[in-house]
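K.L.:
The structure is given below, and queries will be raised subsequently.
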Amino acid sequence: MNRFKPHIALLICNIVWAMDYPFYNIVLPRYVHPMAMVSGSLIATALFSLVPLLWQKAEKVAKADVRKLIGAALLIGVLRKVFIMYGLSMTSPIDGSIIDTIVPLLVLLLSVLLGMDRFTKLKIAGLVLGMAGAVAVVLAGASSSHQHSHLWGNVMILLCACVTSLYMVWFKRLIAKYRITTVLRWLYCVAAVVALPFGLKEIVHTDYAAIAKHALFPTLFVLTVPTYLPNLMLNYALKSVPATVSSIYTYLQPVLAIAISVGMGLDKLHADTVIFALVIFVGVGLVLRSYSVPPRHVDPPTAAPH
């Protein structure tokens, strides 16, 4: 049973993250302003991050790393949240979930640029295919036939993927240096303090009666569930499951997000979107496949945090 626990954890966290996209689409911006959701979700996550202190002694962080953790908090905690909240308030959950799958490709590109990895023919083919599919999905938001999509919303989701990739590459060693509970506590407590002044006005002016009447469950879900616990489960799984296996599970996210969105009537699935998604999947698949090919082993891109 123990060998299945990491896979169960990966399955659960990817299902939770797949539910993000349609639920955000319900809540944003009709019931909750994007900036209010940024601040509210970060506050909830920061509170969750303090819970382990009840049974776990706080880990000491080196002074030299404090500035790095603050930088990581601004990047993945604040900037990523802003991009994804505003992006999903303007575009479809299907486009958002598909575009977000290019993170492994962006991680590869950044790793090569920073001298941490190198290109092979297989990686180049995968990168070209995947990025071409992603650009096609982004540009499809400007098409009149994609009524639920919007070009600028898709651009925001693309920027969100870029920020996530930069965090995963730039702060990889820092993340590995400390316990995940320590890292998450720093990330989300700092991010909550920074974001609150910008979202306080929108939080105060939120129509809570309308939320309670029409969107209580999706609002509570996206405020409390998607960030802290799934990230703990992901890191637990990565201790015993190869990153390539973890990355394969991320393919579930757009598939489930599409099924939920279409089933709830939030979006329509277009034939060209399916083709673009398959192109991205093939591209990411080629990149992940390249890491199992000799002669040089480099850690493949891992699943993206949320």
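Chain labels follow the order of the structure tokens: the first chain is A, the next B, and so on; residue numbering restarts at 1 in every chain, and ligands are counted from 1 in their shown order.
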When DSSP works through the backbone of this structure, what residues of region 33-216 of chain A end up as alpha helix (DSSP H), shown as JSON, numbers by chain?
P.N.:
{"A": [34, 35, 36, 37, 38, 39, 40, 41, 42, 43, 44, 45, 46, 47, 48, 49, 50, 63, 64, 65, 66, 67, 68, 69, 70, 71, 72, 80, 81, 82, 83, 84, 85, 86, 87, 88, 89, 90, 93, 94, 95, 96, 97, 98, 99, 103, 104, 105, 106, 107, 108, 109, 110, 111, 112, 113, 121, 122, 123, 124, 125, 126, 127, 128, 129, 130, 131, 132, 133, 134, 135, 136, 137, 138, 139, 140, 151, 152, 153, 154, 155, 156, 157, 158, 159, 160, 161, 162, 163, 164, 165, 166, 167, 168, 169, 170, 172, 173, 174, 175, 176, 177, 180, 181, 182, 183, 184, 185, 186, 187, 188, 189, 190, 191, 192, 193, 194, 195, 196, 197, 198, 199, 200, 201, 202, 203, 204, 208, 209, 210, 211, 212, 213, 214, 216]}
K.L.:
Would you kindly return, as number ranges by chain, each protein, DNA or RNA residue with an atom no farther than 9 Å from any atom of Ile260 (chain A), considering only C-alpha atoms and excluding same-chain residues fewer than 5 positions away?
P.N.:
A: 18-19, 22, 255, 265-266
K.L.:
Would you mind listing, for every residue of region 121-193 of chain A within 10 Å of region 78-95 of chain A, the two atoms forming the shortest contact and the distance between them in Å to one decimal, using only C-alpha atoms, sorted by chain and ascending residue number, as a Markdown table?
P.N.:
```
| residue | atom | partner | partner_atom | distance |
| --- | --- | --- | --- | --- |
| A:Ala134 | CA | A:Asp95 | CA | 9.4 |
| A:Val137 | CA | A:Asp95 | CA | 6.6 |
| A:Val138 | CA | A:Asp95 | CA | 7.6 |
| A:Ala140 | CA | A:Asp95 | CA | 8.9 |
| A:Gly141 | CA | A:Thr91 | CA | 7.6 |
| A:His146 | CA | A:Ser92 | CA | 9.0 |
| A:Gln147 | CA | A:Ser92 | CA | 8.8 |
| A:His148 | CA | A:Ser92 | CA | 5.2 |
| A:Ser149 | CA | A:Thr91 | CA | 4.3 |
| A:His150 | CA | A:Thr91 | CA | 4.9 |
| A:Leu151 | CA | A:Thr91 | CA | 7.6 |
| A:Trp152 | CA | A:Met90 | CA | 7.3 |
| A:Gly153 | CA | A:Gly87 | CA | 4.1 |
| A:Asn154 | CA | A:Thr91 | CA | 6.3 |
| A:Val155 | CA | A:Gly87 | CA | 7.4 |
| A:Met156 | CA | A:Gly87 | CA | 4.7 |
| A:Ile157 | CA | A:Gly87 | CA | 5.4 |
| A:Leu158 | CA | A:Phe83 | CA | 8.6 |
| A:Leu159 | CA | A:Phe83 | CA | 6.7 |
| A:Cys160 | CA | A:Arg80 | CA | 5.1 |
| A:Ala161 | CA | A:Arg80 | CA | 8.0 |
| A:Cys162 | CA | A:Arg80 | CA | 8.9 |
| A:Val163 | CA | A:Arg80 | CA | 6.1 |
| A:Thr164 | CA | A:Arg80 | CA | 6.8 |
| A:Tyr167 | CA | A:Arg80 | CA | 9.7 |
| A:Leu187 | CA | A:Val78 | CA | 9.2 |
| A:Tyr188 | CA | A:Val78 | CA | 8.7 |
| A:Val190 | CA | A:Val78 | CA | 9.1 |
| A:Ala191 | CA | A:Val78 | CA | 5.6 |
| A:Ala192 | CA | A:Val78 | CA | 7.9 |
| A:Val193 | CA | A:Val78 | CA | 9.9 |
```
K.L.:
How about saving the chosen residues, C-alpha atoms kept, as a CSV table (one decimal), in the first residue's frame?
P.N.:
```
chain,number,residue,atom,x,y,z
A,134,ALA,CA,0.7,27.2,-26.7
A,137,VAL,CA,-4.1,28.5,-28.0
A,138,VAL,CA,-3.2,32.1,-26.8
A,140,ALA,CA,-7.2,31.6,-30.5
A,141,GLY,CA,-8.6,33.9,-27.8
A,146,HIS,CA,-14.1,31.3,-29.3
A,147,GLN,CA,-16.7,33.3,-27.4
A,148,HIS,CA,-15.5,32.2,-23.9
A,149,SER,CA,-11.9,33.1,-24.6
A,150,HIS,CA,-10.0,36.4,-24.6
A,151,LEU,CA,-6.6,37.2,-26.0
A,152,TRP,CA,-5.4,39.2,-23.0
A,153,GLY,CA,-6.7,36.6,-20.6
A,154,ASN,CA,-4.7,34.0,-22.4
A,155,VAL,CA,-1.6,36.2,-22.3
A,156,MET,CA,-2.0,36.6,-18.6
A,157,ILE,CA,-2.1,32.8,-18.2
A,158,LEU,CA,1.0,32.5,-20.4
A,159,LEU,CA,2.7,35.1,-18.1
A,160,CYS,CA,1.6,33.0,-15.1
A,161,ALA,CA,3.4,30.0,-16.6
A,162,CYS,CA,6.5,32.0,-17.2
A,163,VAL,CA,6.6,33.2,-13.6
A,164,THR,CA,6.1,29.6,-12.3
A,167,TYR,CA,10.5,30.3,-9.7
A,187,LEU,CA,6.3,32.2,0.8
A,188,TYR,CA,2.7,32.6,1.7
A,190,VAL,CA,5.2,37.2,3.1
A,191,ALA,CA,2.9,37.1,0.0
A,192,ALA,CA,-0.2,37.7,2.2
A,193,VAL,CA,1.3,40.7,3.9
```
K.L.:
With distances taken over only C-alpha atoms, which residue among A:Thr219, A:Ser41, A:Ser240, A:Ser97 lies nearest Gly77 (chain A)?
P.N.:
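Between A:Thr219, A:Ser41, A:Ser240, A:Ser97, the residue approaching Gly77 (chain A) most closely is A:Ser41.
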K.L.:
Could you please determine the separation between CA of His33 (chain A) and CA of Glu202 (chain A) in Å, to one decimal place?
P.N.:
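Distance between the two atoms: 6.3 Å.
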K.L.:
Would you list the contacts of Arg179 (chain A) as number ranges by chain, taking every protein, DNA or RNA residue within 10 Å and counting only C-alpha atoms, but skipping same-chain residues closer than 6 positions in sequence?
P.N.:
A: 58-59, 185, 235
K.L.:
Keeping only N, CA and C atoms, take the residues you just selected and write them out as a compact mmCIF listing (two decimals), in the first residue's frame.
P.N.:
```txt
# COMPACT_ATOMS: atom_id res chain seq x y z
N ALA A 58 9.94 25.42 14.56
CA ALA A 58 10.27 26.27 13.42
C ALA A 58 11.73 26.06 13.01
N GLU A 59 11.94 25.91 11.73
CA GLU A 59 13.28 25.70 11.19
C GLU A 59 13.98 27.04 11.01
N ARG A 185 5.63 28.33 4.41
CA ARG A 185 5.27 29.32 5.43
C ARG A 185 5.87 30.69 5.07
N ASN A 235 4.99 17.55 -2.90
CA ASN A 235 6.36 17.40 -2.41
C ASN A 235 6.57 16.08 -1.69
```
K.L.:
Need the shell around Ala215 (chain A): protein/DNA/RNA residues with any atom at most 9 Å away, counting only C-alpha atoms. Skip same-chain ones fewer than 6 positions apart. Format as a PyMOL selection string?
P.N.:
chain A and resi 26-27+31
K.L.:
So, with only C-alpha atoms as the atoms that count, which of A:Ala62, A:Leu74, A:Val284, A:Arg289 lies closest to Asp100 (chain A)?
P.N.:
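When distances to Asp100 (chain A) are compared using only C-alpha atoms, the smallest one comes from A:Val284.
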K.L.:
Using Å and a single decimal, report how far CA of Val103 (chain A) sits from CA of Ala259 (chain A).
P.N.:
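CA of Ala259 (chain A) sits 21.5 Å away from CA of Val103 (chain A).
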K.L.:
Any idea what's packed within 10 Å of Val183 (chain A), counting only C-alpha atoms, ignoring anything in its chain fewer than 3 positions away? Could you give it as a PyMOL selection string?
P.N.:
chain A and resi 49+59+61+69+72-73+174-180+186-188
K.L.:
Write the selection just made, keeping N, CA, C and O atoms, as a JSON list (two decimals), in the first residue's frame?
P.N.:
```json
[["chain", "number", "residue", "atom", "x", "y", "z"],
["A", 49, "SER", "N", -0.38, 27.54, 6.56],
["A", 49, "SER", "CA", 1.06, 27.29, 6.66],
["A", 49, "SER", "C", 1.58, 27.39, 8.09],
["A", 49, "SER", "O", 2.66, 26.89, 8.40],
["A", 59, "GLU", "N", 11.94, 25.91, 11.73],
["A", 59, "GLU", "CA", 13.28, 25.70, 11.19],
["A", 59, "GLU", "C", 13.98, 27.04, 11.01],
["A", 59, "GLU", "O", 13.39, 28.00, 10.50],
["A", 61, "VAL", "N", 16.21, 29.77, 9.41],
["A", 61, "VAL", "CA", 16.57, 30.13, 8.04],
["A", 61, "VAL", "C", 17.78, 31.05, 8.08],
["A", 61, "VAL", "O", 17.81, 32.02, 8.84],
["A", 69, "LEU", "N", 13.98, 34.13, -0.06],
["A", 69, "LEU", "CA", 12.63, 33.65, 0.22],
["A", 69, "LEU", "C", 11.59, 34.75, 0.00],
["A", 69, "LEU", "O", 10.49, 34.48, -0.49],
["A", 72, "ALA", "N", 11.16, 34.94, -3.68],
["A", 72, "ALA", "CA", 10.34, 33.81, -4.13],
["A", 72, "ALA", "C", 8.87, 34.05, -3.80],
["A", 72, "ALA", "O", 7.98, 33.72, -4.60],
["A", 73, "ALA", "N", 8.60, 34.65, -2.63],
["A", 73, "ALA", "CA", 7.22, 34.94, -2.23],
["A", 73, "ALA", "C", 6.58, 35.95, -3.17],
["A", 73, "ALA", "O", 5.41, 35.81, -3.56],
["A", 174, "LEU", "N", 17.23, 26.54, -3.26],
["A", 174, "LEU", "CA", 16.70, 27.09, -2.01],
["A", 174, "LEU", "C", 15.57, 26.22, -1.48],
["A", 174, "LEU", "O", 15.49, 25.94, -0.29],
["A", 175, "ILE", "N", 14.69, 25.77, -2.40],
["A", 175, "ILE", "CA", 13.56, 24.93, -2.01],
["A", 175, "ILE", "C", 14.05, 23.61, -1.42],
["A", 175, "ILE", "O", 13.50, 23.10, -0.45],
["A", 176, "ALA", "N", 15.13, 23.05, -2.02],
["A", 176, "ALA", "CA", 15.66, 21.77, -1.56],
["A", 176, "ALA", "C", 16.40, 21.90, -0.23],
["A", 176, "ALA", "O", 16.58, 20.91, 0.49],
["A", 177, "LYS", "N", 16.80, 23.11, 0.13],
["A", 177, "LYS", "CA", 17.62, 23.32, 1.33],
["A", 177, "LYS", "C", 16.82, 23.22, 2.62],
["A", 177, "LYS", "O", 17.33, 22.83, 3.67],
["A", 178, "TYR", "N", 15.52, 23.58, 2.56],
["A", 178, "TYR", "CA", 14.68, 23.62, 3.77],
["A", 178, "TYR", "C", 13.48, 22.70, 3.65],
["A", 178, "TYR", "O", 13.13, 22.24, 2.55],
["A", 179, "ARG", "N", 12.84, 22.44, 4.77],
["A", 179, "ARG", "CA", 11.61, 21.66, 4.76],
["A", 179, "ARG", "C", 10.56, 22.39, 3.94],
["A", 179, "ARG", "O", 10.49, 23.62, 3.95],
["A", 180, "ILE", "N", 9.70, 21.63, 3.28],
["A", 180, "ILE", "CA", 8.68, 22.26, 2.44],
["A", 180, "ILE", "C", 7.73, 23.10, 3.29],
["A", 180, "ILE", "O", 7.25, 24.15, 2.84],
["A", 186, "TRP", "N", 7.11, 30.72, 4.68],
["A", 186, "TRP", "CA", 7.74, 31.97, 4.27],
["A", 186, "TRP", "C", 7.06, 32.55, 3.03],
["A", 186, "TRP", "O", 6.74, 33.74, 2.98],
["A", 187, "LEU", "N", 6.85, 31.70, 2.03],
["A", 187, "LEU", "CA", 6.27, 32.17, 0.77],
["A", 187, "LEU", "C", 4.92, 32.83, 0.99],
["A", 187, "LEU", "O", 4.67, 33.96, 0.52],
["A", 188, "TYR", "N", 4.03, 32.13, 1.68],
["A", 188, "TYR", "CA", 2.65, 32.61, 1.72],
["A", 188, "TYR", "C", 2.39, 33.64, 2.83],
["A", 188, "TYR", "O", 1.50, 34.49, 2.67]]
```
K.L.:
Any idea what the distance is between CA of Tyr21 (chain A) and CA of Val274 (chain A)?
P.N.:
17.0 Å
K.L.:
Find, counting only C-alpha atoms, the residue in A:Pro34, A:Leu200, A:Ser246, A:Leu75 that gets nearest to Met168 (chain A).
P.N.:
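Closest to Met168 (chain A) of all the choices is A:Leu75.
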K.L.:
What lies within 12 Å of Lys5 (chain A) using only C-alpha atoms, ignoring chain neighbours under 4 positions off, as a compact mmCIF listing (two decimals) with N, CA and C atoms, in the first residue's frame?
P.N.:
```
# COMPACT_ATOMS: atom_id res chain seq x y z
N MET A 1 0.83 -1.21 0.00
CA MET A 1 0.00 0.00 0.00
C MET A 1 0.86 1.26 0.00
N ALA A 9 -1.45 10.54 -3.85
CA ALA A 9 -1.24 11.96 -3.54
C ALA A 9 -1.17 12.78 -4.83
N LEU A 10 -0.43 12.27 -5.83
CA LEU A 10 -0.33 12.98 -7.11
C LEU A 10 -1.68 13.07 -7.80
N LEU A 11 -2.44 11.99 -7.73
CA LEU A 11 -3.76 11.97 -8.36
C LEU A 11 -4.68 13.00 -7.71
N ILE A 12 -4.69 13.03 -6.38
CA ILE A 12 -5.58 13.95 -5.66
C ILE A 12 -5.20 15.41 -5.93
N MET A 233 1.25 17.63 -0.66
CA MET A 233 1.10 16.29 -1.24
C MET A 233 2.05 16.09 -2.41
N LEU A 234 2.20 17.13 -3.22
CA LEU A 234 3.12 17.05 -4.36
C LEU A 234 4.55 16.79 -3.89
N TYR A 236 5.54 15.59 -1.00
CA TYR A 236 5.60 14.25 -0.40
C TYR A 236 5.80 13.20 -1.49
N ALA A 237 5.05 13.32 -2.58
CA ALA A 237 5.14 12.34 -3.66
C ALA A 237 6.49 12.39 -4.36
N LEU A 238 7.04 13.60 -4.54
CA LEU A 238 8.30 13.75 -5.26
C LEU A 238 9.49 13.14 -4.53
N LYS A 239 9.32 12.82 -3.24
CA LYS A 239 10.40 12.18 -2.49
C LYS A 239 10.61 10.73 -2.93
N SER A 240 9.57 10.11 -3.50
CA SER A 240 9.69 8.71 -3.87
C SER A 240 9.28 8.42 -5.31
N VAL A 241 8.76 9.42 -6.01
CA VAL A 241 8.32 9.23 -7.40
C VAL A 241 9.18 10.11 -8.30
```
K.L.:
Identify, on the basis of only C-alpha atoms, every residue whose closest approach to Leu286 (chain A) does not exceed 12 Å; exclude the query and any residue fewer than 4 positions from it along the same chain; express the result as JSON, numbers by chain.
P.N.:
{"A": [104, 105, 108, 120, 121, 122, 123, 124, 125, 126, 127, 128, 129, 130, 244, 248, 279, 280, 281, 282, 290, 291, 292, 293, 300]}
